[in-house]
Every structure is written in C-alpha cells, then in structure tokens.
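Worksheet: one structure, shown below.
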Amino acid sequence: MINQLSKKFTTILILLLLGLQATIYLYNQKPLYVSFSKKNITVENFSSIVLSNSGITKIGSEKLNKIDDKNIDLIGESYLENDEYKIYGENISINLADEISYSDEAVKVINKMGTLKAEGFKNLDYEGKIFFSGAIEFIINE
Amino acid sequence: MKVRYFFLEQLNLLLMNKFIYLLVLLFLKFNAYSESYVKADDSLIWDSNDQSYTARGDVEFKNDQFIAFSDKMIAKYIEENNEEVFTIVELFENVVIEFKDEVFKGNYAIYTRDNNIIKLIGNVSIKSPTRLLTGYELIADIDNNKRILNSADNDSLVEVLLDDNANN
C-alpha cells in the first residue's frame with residue numbers, strides 16, 4: 001500500500017517537474033522570438049516630424065535606418081530643426097524614447113545666438129542641454 | 001610713342017592692382033575686428049534651461065570691446081528681440097583680457113554687459129605700454145575709462161587710474 005502511494009507520489013512529482021521544465025523552456029524561448037521578429041526598416045530621402053521637449057522638431061536625412069521602435073539612425077547628410085535650433089550633420093543617431101540625439105561627426109548648429117561648428121554633439125532634449133565636443137567655433141550674431 | 005604708351009598703361013595697371021589690394025585688405029581688417037565669437041578646444045555645453053554656455057579648453061572669447069582667453073568660460077544670456085545676447089561672462093583660470101593697448105591678467109574674471117565693467121580677482125596684473133601694476137583685484141570700468149586696482153587686503157587701495165578724457 002505504502003509502496004503504491006510512493007510510486008504515485010513519485011509519478012506526480014516527475015510530471016510536475018516536467019511541467020515546470022516545459023514552462024521554463026517556453027519562457028526562455030520568448031525573448032528569442034521577440035528578437036527575431038524585429039526588422040530593420042530603411043527609407044531613403046527621409047523627413048518627419050517629432051514632438052519633443054523643444055517642441056515640434058523636423059528631422060530628415062538622405063537615408064533613415066530604423067533600429068527598433070525607440071532608435072533610429074539618420075544616415076548621410078542629416079538635420080534636426082525646431083524653433084530653438086537647426087542642427088546639420090552626418091550620421092545622427094536618435095533615441096526617441098529618451099529624447100537623445102548624437103553624432104561623432106562634424107556638426108553645424110544655427111541658433112538665436114549665432115552659428116556653431118563642432119566635431120560632434122549629444123543633445124539631451126529633455127534636459128534642454130546640448131554637449132558639443134572637439135574644437136568649437138561659435139560665431140556670434142552682430 | 002608706342003613705348004611711352006605701353007609704360008603708362010603698365011603703370012596704370014600697377015596702380016589699379018595696388019588700389020584693389022588695399023581695398024581687400026581694408027575689407028578683411030574691418031571684418032576681422034567686427035566679428036564676435038567663442039572658440040574652445042575641448043567642449044561647449046549649451047544649457048537652454050539655465051540660459052548659459054559653458055566652454056572648456058583654451059577658451060577664446062571676443063566681442064566688440066575686448067578679446068579674452070581662459071581655461072573655462074561660463075556665459076549667461078537673455079533673449080532680446082528673438083535673439084540671444086550675452087549678459088554676464090565669467091572666465092576661470094589663466095585669464096588674459098586684451099583691451100586696446102592694455103592687457104589684464106588674473107585667476108578669475110567677470111564681465112557684466114549692463115555696466116560694461118570687467119572685474120578680475122586673484123594674482124591680477126594690468127599691463128599698458130607705460131606701466132605694469134599687480135594686485136589682488138582689478139575693476140576695469142570700460143565706459144568711464146577707470147581702472148581700480150586693490151591689494152589682497154581690500155581696505156588698502158594700491159592705485160586708482162583715472163582718465164578724464166574718457167572717450168568710450
């Protein structure tokens with residue numbers, strides 16, 4: 001009698017363990033599925049409008065490469081324009097969720113103070129700060 | 001006769017060339033002196049919330065009054081008629097300011113546009129073609145052409161330079 005109960009208990013335990021293993025397997029598979037379902041989208045002569053901290057920003061480039069729902073790369077000659085500034089550069093990456101844009105390549109910015117040239121930039125739009133790197137030349141309007 | 005005409009023509013061309021060259025030089029010189037700018041070797045941060053620009057690394061600042069050099073600069077601005085205008089410019093470390101034939105040096109400087117006064121603090125010197133003065137604090141009033149130089153002890157005035165023929 002005791003032996004039969006023990007066998008039943010062992011069978012149930014094994015079934016439970018198998019079920020648990022199957023669940024873990026399925027959960028482990030889910031991120032892989034998401035990863036493979038992502039597609040890079042490329043658009044040529046792209047221009048669009050983005051609503052950010054600085055208001056409505058017009059963005060454009062020779063080519064747009066959509067990495068995912070949050071990140072896009074502006075390939076080739078690119079720009080970001082709004083009421084506060086106009087940024088002209090090349091290969092600008094944009095994180096739409098965090099409102100960050102950046103580039104390690106030469107950039108020209110026109111704002112209400114004047115015209116600025118730098119070797120790269122990082123625009124934290126939600127903080128209202130733009131960091132320019134490298135040699136800077138900022139010609140001030142007369 | 002032809003030879004004389006030829007030489008006259010050559011002379012005329014030479015004079016014309018010189019005249020154009022002088023005109024170009026004058027144009028370039030005028031533009032060079034009228035341009036205001038900020039230059040920096042390392043970085044510049046534009047903070048639109050704080051309404052300031054912070055430049056680092058061999059900073060060079062020029063306006064229609066003077067040219068200044070330092071390691072770091074923080075310039076505050078306001079918006080006037082849809083344009084940004086510097087109101088206060090602070091310079092940090094190895095400050096050198098060239099104003100006409102004078103050179104001011106110090107550890108720190110602050111320029112206020114409203115009253116057109118430059119104040120330098122720390123190891124201050126003022127050099128002109130005729131003299132070199134040193135002290136702790138220098139107040140250069142550009143509009144009134146006044147220079148006040150104080151020693152480390154603020155109560156003891158080292159020298160006050162006054163020019164009644166202020167023409168600024």
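Residue numbers start at 1 in each chain; chains themselves are named A, B, ... in the order of the structure tokens; ligands are numbered from 1 in the order shown.
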List every residue of chain A that DSSP, applied to the backbone, labels as strand (DSSP E), and write the result as a PyMOL selection string.
chain A and resi 41-52+55-66+71-81+85-95+100-103+107-111+114-118+120-124+129-133+136-140
Could you list the residues in chain A lying within 9 Å of chain B, using only C-alpha atoms, and format the result as a list in words?
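Result, ordered by chain then number: Glu84, Asn111, Lys112, Met113, Gly114, Leu116, Ala118, Glu127, Gly128, Lys129, Ile130, Phe131, Phe132, Ser133, Gly134, Ala135, Ile136, Glu137, Phe138, Ile139, Ile140, Asn141 and Glu142 of chain A.
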Determine which residues of segment 22-107 of chain B DSSP labels as alpha helix (DSSP H) from the backbone of this structure, then write them out as a list of chain:residue names.
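In segment 22-107 of chain B, DSSP puts these residues in alpha helix (DSSP H): B:Leu22, B:Leu23, B:Val24, B:Leu25, B:Leu26, B:Phe27, B:Leu28, B:Lys29, B:Phe30, B:Asn31, B:Ala32, B:Tyr33, B:Ser34.
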Set the distance at 10 Å and use only C-alpha atoms: which residues neighbour Asn116 of chain B once local chain neighbours fewer than 6 positions away are removed? I'd like the list as number ranges by chain.
B: 65, 87-88, 140-144
Output N, CA and C atoms of each residue in that selection to a file, as an mmCIF file, in the first residue's frame.
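Final output, selection03.cif:
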```
data_model
loop_
_atom_site.group_PDB
_atom_site.id
_atom_site.type_symbol
_atom_site.label_atom_id
_atom_site.label_comp_id
_atom_site.auth_asym_id
_atom_site.auth_seq_id
_atom_site.Cartn_x
_atom_site.Cartn_y
_atom_site.Cartn_z
ATOM 1 N N GLN B 65 34.244 94.780 -27.658
ATOM 2 C CA GLN B 65 35.015 95.560 -26.684
ATOM 3 C C GLN B 65 36.425 95.002 -26.476
ATOM 4 N N THR B 87 24.893 88.418 -21.303
ATOM 5 C CA THR B 87 24.769 89.472 -20.281
ATOM 6 C C THR B 87 25.933 89.433 -19.296
ATOM 7 N N ILE B 88 26.308 88.211 -18.894
ATOM 8 C CA ILE B 88 27.426 88.050 -17.947
ATOM 9 C C ILE B 88 28.371 86.979 -18.495
ATOM 10 N N ALA B 140 37.858 97.153 -14.027
ATOM 11 C CA ALA B 140 38.067 97.972 -15.234
ATOM 12 C C ALA B 140 36.703 98.454 -15.725
ATOM 13 N N ASP B 141 36.474 99.737 -15.545
ATOM 14 C CA ASP B 141 35.222 100.351 -15.997
ATOM 15 C C ASP B 141 35.462 100.885 -17.406
ATOM 16 N N ILE B 142 34.987 100.149 -18.384
ATOM 17 C CA ILE B 142 35.312 100.480 -19.781
ATOM 18 C C ILE B 142 34.644 101.781 -20.213
ATOM 19 N N ASP B 143 33.399 101.969 -19.877
ATOM 20 C CA ASP B 143 32.680 103.172 -20.315
ATOM 21 C C ASP B 143 33.309 104.456 -19.763
ATOM 22 N N ASN B 144 33.713 104.402 -18.492
ATOM 23 C CA ASN B 144 34.287 105.596 -17.856
ATOM 24 C C ASN B 144 35.808 105.613 -17.880
#
```
Expressed in Å to a single decimal, how great is the separation between atom CA of Asn65 of chain A and atom CA of Ile49 of chain A?
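So the answer is 15.7 Å.
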Near segment 71-77 of chain A, counting only C-alpha atoms, which residues have an atom at most 8 Å away, once you skip same-chain residues fewer than 5 positions from it, shown as an MDAnalysis selection string?
chainID A and resid 60:66 88:97
Å distance separating atom CA of Tyr136 of chain B from atom CA of Ser151 of chain B, one decimal place:
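Result for atom CA of Tyr136 of chain B versus atom CA of Ser151 of chain B: 4.8 Å, one decimal.
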